[in-house]
Amino acid sequence: MPHRTAGVGGCLRVSILSLLFWVCIVLAQTPARPAAAQHISDWMVMQVCSDGAGAILPGVVPIDPACTKHRKIGQNETPPYRLRGWPAVDGCHGGIVTKWNMPIAKAGVIRIVSVSEQTMEGCEDDATAEDDWFKGASIQWFDGGYAFIMGSWSPVGLSSFESPLCQQGAASSHRFFRGWVIAPTVVPQAGIPGWGVFPSKLLVGKGTPVAGPCPTHYQRGLTMWVMDDVQFRGPKLRAIVSHHFARADTSGIAPGAAEQVERTYWTREFGLTRWEKWARDDWTNPRSHQPAIVLAKQMFAHGRCSKPYGLPARVTPGLVTEPLLTDGTYSQAFIDPRIGQRHVWYMTLCDDWTNFLRTPPAPGVNRSAGIDPVYWRE
């Protein structure tokens, strides 16, 4: 049989196949580039949907199919929608909280403000009421290590969460840094709990200023955080779920004598998206004198919030959990395996703001006017 030589086309095919083979080998041996770390600030402000020129689309929220492009809301922009709580199954009980999360600048310094209003819009029992009224705001920011809530303001009072950083300058807003920690500045990996102990002091007052002498004593509080997929009463979103205990045990890995914890949920789409208050089984409300389980049953029956996030089985070396229960209350048992202590924790209050109101807030009102400017002071 005569020997057949390959033509030019055959040589090219062989060369291309060889090249592809070696490219595959090189790619297989090259380590994958790690994903860029996400910054916590992206989880603290609301996103707005925009057209090709960057203009805001009215009445569209980031989870809508019509939202093909979105970005963080700017300092001087009017929110095109509001986050809104869900009504109770037996009526609105005085209205529904609406909220929007956005950066606000004063004297060139930026802080993130979660503004809250009360509205009757969407209330079946008072559909004619259209007035909104201001309820309050919380002020948030971050530094090179952590994000935190600096304080909150309402028409009747001010609350600030101060830290030992006050010693570096009592007149500076840095006294409120790391008083109520949310999570690290670099967003944690999904499903991996983290925690830390942060000394703080809660100061409550009326009027201004809130900045006086530095506290002489700080209480060690435990903060835990985890990022995971969460089914809100509305959409399912990835969220940073942060737990703020006012106390911590001496080891710093368990809540110790703490009887209450506040839990906040932060999403890339909306910023602060849900809030909960939990109480231990031996806690009794000092005003109503009702135990935690009774308050939890009442809240469950109202139906404002759906099933909360259930913490994973192991959170810290000093804190393991049992599965979340939904039998007429929302509850989860916390166990300290070192000493065998077990307490059931009940969700007693909640607000889930995934019931969107697709109209902007009333124009021409400065919602930060009443907030003490000390939170912006460098």
# chains A, B, ... in the order shown; residues from 1 in each chain; ligands from 1
>>> residues_around(residues="Gly256 of chain A", least_positions_apart="2", cutoff="12 Å", atoms="only C-alpha atoms", output="PyMOL selection string")
chain A and resi 197+220-222+245-254+258-261+280+318-319+334-336+338-339+341-343
>>> residues_around(residues="Leu349 of chain A", least_positions_apart="6", cutoff="7 Å", atoms="only C-alpha atoms", output="list in words")
Glu276, Lys277 and Met299 of chain A
>>> write_last_selection(atoms="C-alpha atoms", output="mmCIF file, in the first residue's frame")
data_model
loop_
_atom_site.group_PDB
_atom_site.id
_atom_site.type_symbol
_atom_site.label_atom_id
_atom_site.label_comp_id
_atom_site.auth_asym_id
_atom_site.auth_seq_id
_atom_site.Cartn_x
_atom_site.Cartn_y
_atom_site.Cartn_z
ATOM 1 C CA GLU A 276 -35.857 40.052 65.505
ATOM 2 C CA LYS A 277 -35.732 39.982 69.278
ATOM 3 C CA MET A 299 -46.077 37.066 68.023
#
>>> residues_around(residues="Trp153 of chain A", least_positions_apart="5", cutoff="10 Å", atoms="only C-alpha atoms", output="ChimeraX atom specification")
/A:115,135-139,158-160,204-207,368,370-372
>>> atom_distance(atom1="atom CA of Gly179 of chain A", atom2="atom CA of Lys201 of chain A")
7.1 Å
>>> atom_distance(atom1="atom CA of Ile149 of chain A", atom2="atom CA of Phe161 of chain A")
7.5 Å
>>> select_by_dssp(residues="segment 221-299 of chain A", states="strand (DSSP E or B)", output="count of residues only")
41
>>> residues_around(residues="segment 64-75 of chain A", least_positions_apart="3", cutoff="9 Å", atoms="only C-alpha atoms", output="ChimeraX atom specification")
/A:42,45-52,54,56-57,60-61,78-79,101-105,110,269
>>> closest_residue(among="A:Asp327, A:Ser242, A:Thr348, A:Leu311", to="Trp283 of chain A", atoms="only C-alpha atoms")
A:Thr348
>>> closest_residue(among="A:Arg178, A:His289, A:Lys307, A:Lys106", to="Arg274 of chain A", atoms="only C-alpha atoms")
A:Lys307
>>> residues_around(residues="Thr359 of chain A", least_positions_apart="2", cutoff="12 Å", atoms="only C-alpha atoms", output="list in words")
Leu57, Pro58, Gly59, Val60, Val61, Thr78, Pro79, Pro80, Tyr81, Arg82, Leu83, Arg84, Thr98, Lys99, Trp100, Glu121, Phe356, Leu357, Pro361, Ala362 and Pro363 of chain A
>>> write_last_selection(atoms="C-alpha atoms", output="compact mmCIF listing (two decimals), in the first residue's frame")
# COMPACT_ATOMS: atom_id res chain seq x y z
CA LEU A 57 -36.31 53.08 37.23
CA PRO A 58 -39.37 54.10 39.31
CA GLY A 59 -41.28 51.41 41.16
CA VAL A 60 -38.85 48.59 40.34
CA VAL A 61 -37.01 46.60 43.02
CA THR A 78 -34.72 59.67 46.32
CA PRO A 79 -35.50 55.99 46.90
CA PRO A 80 -37.90 54.77 44.18
CA TYR A 81 -39.40 52.21 46.57
CA ARG A 82 -39.55 51.45 50.27
CA LEU A 83 -39.09 48.31 52.30
CA ARG A 84 -42.30 47.61 54.18
CA THR A 98 -41.61 51.29 56.03
CA LYS A 99 -37.87 51.63 55.71
CA TRP A 100 -35.10 52.63 53.33
CA GLU A 121 -50.82 52.17 53.14
CA PHE A 356 -42.25 46.33 49.16
CA LEU A 357 -44.03 49.64 48.70
CA PRO A 361 -41.12 58.61 50.47
CA ALA A 362 -42.76 62.01 50.69
CA PRO A 363 -40.56 64.64 49.01
>>> closest_residue(among="A:Trp141, A:Tyr330, A:Trp275, A:Phe270", to="Val294 of chain A", atoms="only C-alpha atoms")
A:Tyr330
>>> select_by_dssp(residues="segment 89-338 of chain A", states="alpha helix (DSSP H)", output="list in words")
Ala292, Ile293, Val294, Leu295, Ala296, Lys297, Gln298, Met299, Phe300, Ala301 and His302 of chain A
>>> atom_distance(atom1="atom CA of Ser331 of chain A", atom2="atom CA of Asp228 of chain A")
18.8 Å
>>> closest_residue(among="A:Ser172, A:Thr329, A:Thr354, A:Thr321", to="Gln231 of chain A", atoms="only C-alpha atoms")
A:Thr354
>>> closest_residue(among="A:Gly85, A:Pro188, A:Pro215, A:Pro199", to="Met227 of chain A", atoms="only C-alpha atoms")
A:Pro188
